[in-house]
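Visitor: Take this structure, written in structure tokens, and hold onto it; I'll ask about it next.
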Amino acid sequence: MRLPSAVTLCLGVTAAALPRPCFAQVAPTPTPIAKRAIATLTIPGFADFLVADRNAVWATNEGRVEKLLHDHPGPVVSIAVPAPCGAMSVAFRSLWVANCSDSSVYRIDLKTAKLAAIIRTGLADPSGELSLAAGAGSVWILTDPKGILSRIDPATNRVVAQIRVAPFSYAAAFAADAVWITNTGPDDATGPGSIQRIDPSTNSVVATIPVGPVPRFLAAGNEGVWSLNQGDGSVTHIDPRTNRPVASLQLGMRGGGGDIATGGGVVWVRGTKVLLVAIDPTTNRVKEVFGPPAGSGAVRVAGELVWVTAHDIHTVWVLRPQP
């Protein structure tokens, strides 16, 4: 599949939280990702979620996390983790990984590539469709589907705060001196979802912002917070200065899986029915579309390169963004 022939862009927000006005943008013809990739890696197993580590990335895989470089055909480091899941975080000279088999956070020392701590936190989504965040001297993870955001102190490897948030919240990001989380809602949710902003100085929710239905993953950067809304395949752009959505793009990327990231002056959206979409955050317009579809996977920006996983075909592509 490909993007709809016209991508719908809505600007501004009405009282009903539906961005208006809307207009159509002709969808770009998909670029074959293999033709644009500067490297294509074949990674056995189930390479999925990514996190940047300078110019490299770490990927979750079956029973391990692996460090990848674009100029090496295979992993340069592999570290055993029983069941790594979700989007990881690199902070405090460590790799922080959610582990689904015991609902814990594993801390790995980046210098020694050794396990430094196991922190028994619980996970809001035991299947692992979640993400960690780091900022304000802490690591943050959603640990209970009833609505708990846990704050980990890296000096002690202990949970030092549990913050009540909306139930069925799974993904976290840090930007603009705040933690941002997606309020996905229950599996049968049909109405609008929301994003919550948490002030780390008070450990409290300071804003709840309406977005599209079933927001799951989010990204923060390029002067905005972005949610991928699985319920209708849209992406919502939030201005952190006002805590209001400023644009919504209907990309036709509805359904489970997927990912979203920022970097290189672009917002990157990884989908299942559409492989990859690049959005200009200054105009809220689609710059480029990549294909063909290759199942679910992840996307992250490390240095000047964009990394894209496709676990169903054991492939990782590396792109250099074009101006």
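Residue names in the structure tokens use chain letters A, B, ... in the order shown, residue numbers from 1 in each chain, and ligand numbers from 1 in the order shown.
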List as a list in words the protein and nucleic acid residues near Glu66 in chain A, meaning an atom at most 10 Å away when only C-alpha atoms are counted, but skip any in the same chain fewer than 4 places from it.

Guide: Ile43, Ala47, Leu50, Val57, Trp58, Ala59, Thr60, Asn61, Glu62, Gly74, Pro75, Val76, Val77, Ser78, Ile79 and Ala80 of chain A

Visitor: Generate the output file for the selected residues, C-alpha atoms, as an mmCIF file, in the first residue's frame.

Guide:
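Listed below is the output, again_36.cif:
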```cif
data_model
loop_
_atom_site.group_PDB
_atom_site.id
_atom_site.type_symbol
_atom_site.label_atom_id
_atom_site.label_comp_id
_atom_site.auth_asym_id
_atom_site.auth_seq_id
_atom_site.Cartn_x
_atom_site.Cartn_y
_atom_site.Cartn_z
ATOM 1 C CA ILE A 43 20.373 -8.734 10.906
ATOM 2 C CA ALA A 47 15.799 -6.429 15.190
ATOM 3 C CA LEU A 50 16.227 1.534 18.158
ATOM 4 C CA VAL A 57 22.343 2.716 17.209
ATOM 5 C CA TRP A 58 21.319 -0.024 19.601
ATOM 6 C CA ALA A 59 18.583 -2.415 18.476
ATOM 7 C CA THR A 60 16.447 -4.803 20.483
ATOM 8 C CA ASN A 61 16.589 -8.385 19.238
ATOM 9 C CA GLU A 62 15.673 -11.859 20.430
ATOM 10 C CA GLY A 74 26.691 -7.009 11.432
ATOM 11 C CA PRO A 75 26.473 -6.056 15.112
ATOM 12 C CA VAL A 76 29.685 -4.748 16.679
ATOM 13 C CA VAL A 77 28.457 -5.456 20.232
ATOM 14 C CA SER A 78 25.854 -7.941 21.457
ATOM 15 C CA ILE A 79 24.651 -8.052 25.085
ATOM 16 C CA ALA A 80 22.330 -10.690 26.497
#
```

Visitor: Please produce, as a tab-separated table, a per-residue contact table for range 93-181 of chain A versus range 256-276 of chain A (criterion: any atom at most 12 Å away, only C-alpha atoms considered), showing the nearest atom pair and its distance in Å to one decimal, sorted by chain then residue number.

Guide:
```
residue	atom	partner	partner_atom	distance
A:Ser127	CA	A:Gly257	CA	11.7
A:Gly128	CA	A:Gly257	CA	10.9
A:Glu129	CA	A:Gly257	CA	7.9
A:Leu130	CA	A:Asp259	CA	10.3
A:Ser131	CA	A:Asp259	CA	10.3
A:Ala171	CA	A:Asp259	CA	10.7
A:Ala173	CA	A:Ala261	CA	10.4
A:Ala175	CA	A:Thr262	CA	11.7
```

Visitor: For Val308 in chain A, which residue out of A:Ser194, A:Thr31, A:Ser94, A:Thr40 is the nearest one, using only C-alpha atoms?

Guide: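 Selected residue with least distance to Val308 in chain A: A:Thr40.
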
Visitor: Enumerate as a ChimeraX atom specification all residues of range 66-183 of chain A assigned to strand (DSSP E) by DSSP on the backbone, naming them with the chain letters and numbers the document uses.

Guide: /A:66-68,77-80,84-91,94-99,104-109,114-120,133-135,138-144,148-153,158-164,169-175,178-183

Visitor: Please provide the set of residues having any atom within 9 Å of Pro281 in chain A, restricted to only C-alpha atoms, with same-chain residues fewer than 2 positions apart removed, written as a PDB file with C-alpha atoms, in the first residue's frame.

Guide:
```pdb
ATOM      1  CA  ASN A 222      12.385  20.295  16.151  1.00  0.00           C
ATOM      2  CA  GLU A 223      10.463  22.636  18.472  1.00  0.00           C
ATOM      3  CA  GLY A 224       7.536  20.263  18.737  1.00  0.00           C
ATOM      4  CA  HIS A 237       2.043  18.235  16.015  1.00  0.00           C
ATOM      5  CA  GLY A 265      15.351  18.866  10.644  1.00  0.00           C
ATOM      6  CA  VAL A 266      12.752  16.219   9.764  1.00  0.00           C
ATOM      7  CA  VAL A 267      10.051  14.191  11.509  1.00  0.00           C
ATOM      8  CA  ILE A 279       7.641  15.501   7.351  1.00  0.00           C
ATOM      9  CA  THR A 283       5.561  23.601   7.111  1.00  0.00           C
ATOM     10  CA  ASN A 284       3.861  20.439   8.421  1.00  0.00           C
ATOM     11  CA  ARG A 285       4.065  19.020   4.920  1.00  0.00           C
TER      12      ARG A 285
END
```

Visitor: Restricting the calculation to only C-alpha atoms, which member of A:Ala310, A:Ala247, A:Cys100, A:Ala39 is positioned closest to Asp71 in chain A?

Guide: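 Closest to Asp71 in chain A, using only C-alpha atoms: A:Ala39.
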
Visitor: One number please: CA of Gln196 in chain A to CA of Pro145 in chain A, in Å, one decimal.

Guide: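 About the pair CA of Gln196 in chain A and CA of Pro145 in chain A: they are 14.9 Å apart.
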
Visitor: Residues within 10 Å of Val235 in chain A, please, as a PDB file with N, CA and C atoms, in the first residue's frame. Count only C-alpha atoms; anything in the same chain fewer than 6 positions from it doesn't count.

Guide:
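Written output follows (around33.pdb):
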```pdb
ATOM      1  N   LEU A   9      -4.018  17.860   5.567  1.00  0.00           N
ATOM      2  CA  LEU A   9      -3.345  18.640   6.601  1.00  0.00           C
ATOM      3  C   LEU A   9      -4.339  19.603   7.209  1.00  0.00           C
ATOM      4  N   VAL A 211      -5.388  14.814  20.990  1.00  0.00           N
ATOM      5  CA  VAL A 211      -4.760  14.425  19.725  1.00  0.00           C
ATOM      6  C   VAL A 211      -5.688  13.425  19.038  1.00  0.00           C
ATOM      7  N   GLY A 212      -5.210  12.774  17.991  1.00  0.00           N
ATOM      8  CA  GLY A 212      -6.005  11.791  17.279  1.00  0.00           C
ATOM      9  C   GLY A 212      -6.232  10.531  18.095  1.00  0.00           C
ATOM     10  N   PRO A 215      -3.254   7.332  20.275  1.00  0.00           N
ATOM     11  CA  PRO A 215      -1.850   7.722  20.141  1.00  0.00           C
ATOM     12  C   PRO A 215      -0.971   6.700  20.863  1.00  0.00           C
ATOM     13  N   LEU A 218       5.507   8.549  20.412  1.00  0.00           N
ATOM     14  CA  LEU A 218       5.669   9.984  20.244  1.00  0.00           C
ATOM     15  C   LEU A 218       7.143  10.326  20.161  1.00  0.00           C
ATOM     16  N   TRP A 226       5.372  15.266  18.783  1.00  0.00           N
ATOM     17  CA  TRP A 226       4.640  14.630  17.694  1.00  0.00           C
ATOM     18  C   TRP A 226       4.122  13.278  18.152  1.00  0.00           C
ATOM     19  N   SER A 227       2.841  13.001  17.897  1.00  0.00           N
ATOM     20  CA  SER A 227       2.268  11.705  18.249  1.00  0.00           C
ATOM     21  C   SER A 227       1.820  10.981  16.987  1.00  0.00           C
ATOM     22  N   LEU A 228       2.083   9.680  16.967  1.00  0.00           N
ATOM     23  CA  LEU A 228       1.580   8.802  15.914  1.00  0.00           C
ATOM     24  C   LEU A 228       0.303   8.160  16.430  1.00  0.00           C
ATOM     25  N   ASN A 229      -0.816   8.477  15.782  1.00  0.00           N
ATOM     26  CA  ASN A 229      -2.131   8.059  16.251  1.00  0.00           C
ATOM     27  C   ASN A 229      -2.580   6.833  15.455  1.00  0.00           C
ATOM     28  N   ALA A 247      -1.183  21.242  14.255  1.00  0.00           N
ATOM     29  CA  ALA A 247      -1.418  20.629  12.957  1.00  0.00           C
ATOM     30  C   ALA A 247      -1.690  19.146  13.142  1.00  0.00           C
ATOM     31  N   SER A 248      -2.462  18.587  12.215  1.00  0.00           N
ATOM     32  CA  SER A 248      -2.695  17.150  12.160  1.00  0.00           C
ATOM     33  C   SER A 248      -2.595  16.716  10.708  1.00  0.00           C
ATOM     34  N   LEU A 249      -1.780  15.694  10.458  1.00  0.00           N
ATOM     35  CA  LEU A 249      -1.583  15.183   9.104  1.00  0.00           C
ATOM     36  C   LEU A 249      -2.185  13.793   9.017  1.00  0.00           C
ATOM     37  N   GLN A 250      -3.098  13.602   8.079  1.00  0.00           N
ATOM     38  CA  GLN A 250      -3.686  12.279   7.868  1.00  0.00           C
ATOM     39  C   GLN A 250      -2.830  11.537   6.853  1.00  0.00           C
ATOM     40  N   LEU A 251      -2.063  10.548   7.355  1.00  0.00           N
ATOM     41  CA  LEU A 251      -1.083   9.862   6.524  1.00  0.00           C
ATOM     42  C   LEU A 251      -1.519   8.477   6.084  1.00  0.00           C
ATOM     43  N   GLY A 252      -2.665   8.014   6.542  1.00  0.00           N
ATOM     44  CA  GLY A 252      -3.103   6.680   6.159  1.00  0.00           C
ATOM     45  C   GLY A 252      -2.266   5.575   6.773  1.00  0.00           C
ATOM     46  N   MET A 253      -1.673   5.826   7.948  1.00  0.00           N
ATOM     47  CA  MET A 253      -0.791   4.857   8.595  1.00  0.00           C
ATOM     48  C   MET A 253      -1.484   4.221   9.789  1.00  0.00           C
ATOM     49  N   ILE A 260       7.962   6.768  15.478  1.00  0.00           N
ATOM     50  CA  ILE A 260       8.133   8.152  15.060  1.00  0.00           C
ATOM     51  C   ILE A 260       9.380   8.710  15.726  1.00  0.00           C
ATOM     52  N   VAL A 269       8.289   9.111  10.217  1.00  0.00           N
ATOM     53  CA  VAL A 269       7.185   8.279  10.671  1.00  0.00           C
ATOM     54  C   VAL A 269       7.295   6.917   9.992  1.00  0.00           C
ATOM     55  N   ILE A 279       8.459  14.301   7.219  1.00  0.00           N
ATOM     56  CA  ILE A 279       7.641  15.501   7.351  1.00  0.00           C
ATOM     57  C   ILE A 279       8.539  16.693   7.646  1.00  0.00           C
ATOM     58  N   ASN A 284       4.793  21.539   8.168  1.00  0.00           N
ATOM     59  CA  ASN A 284       3.861  20.439   8.421  1.00  0.00           C
ATOM     60  C   ASN A 284       3.413  19.774   7.125  1.00  0.00           C
TER      61      ASN A 284
END
```

Visitor: DSSP on the backbone: which residues in range 21-130 of chain A end up as helix (DSSP H, G or I)? Give the answer as a list in words.

Guide: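 Matching residues for helix (DSSP H, G or I) in range 21-130 of chain A are Ile33, Ala34, Lys35 and Arg36 of chain A.
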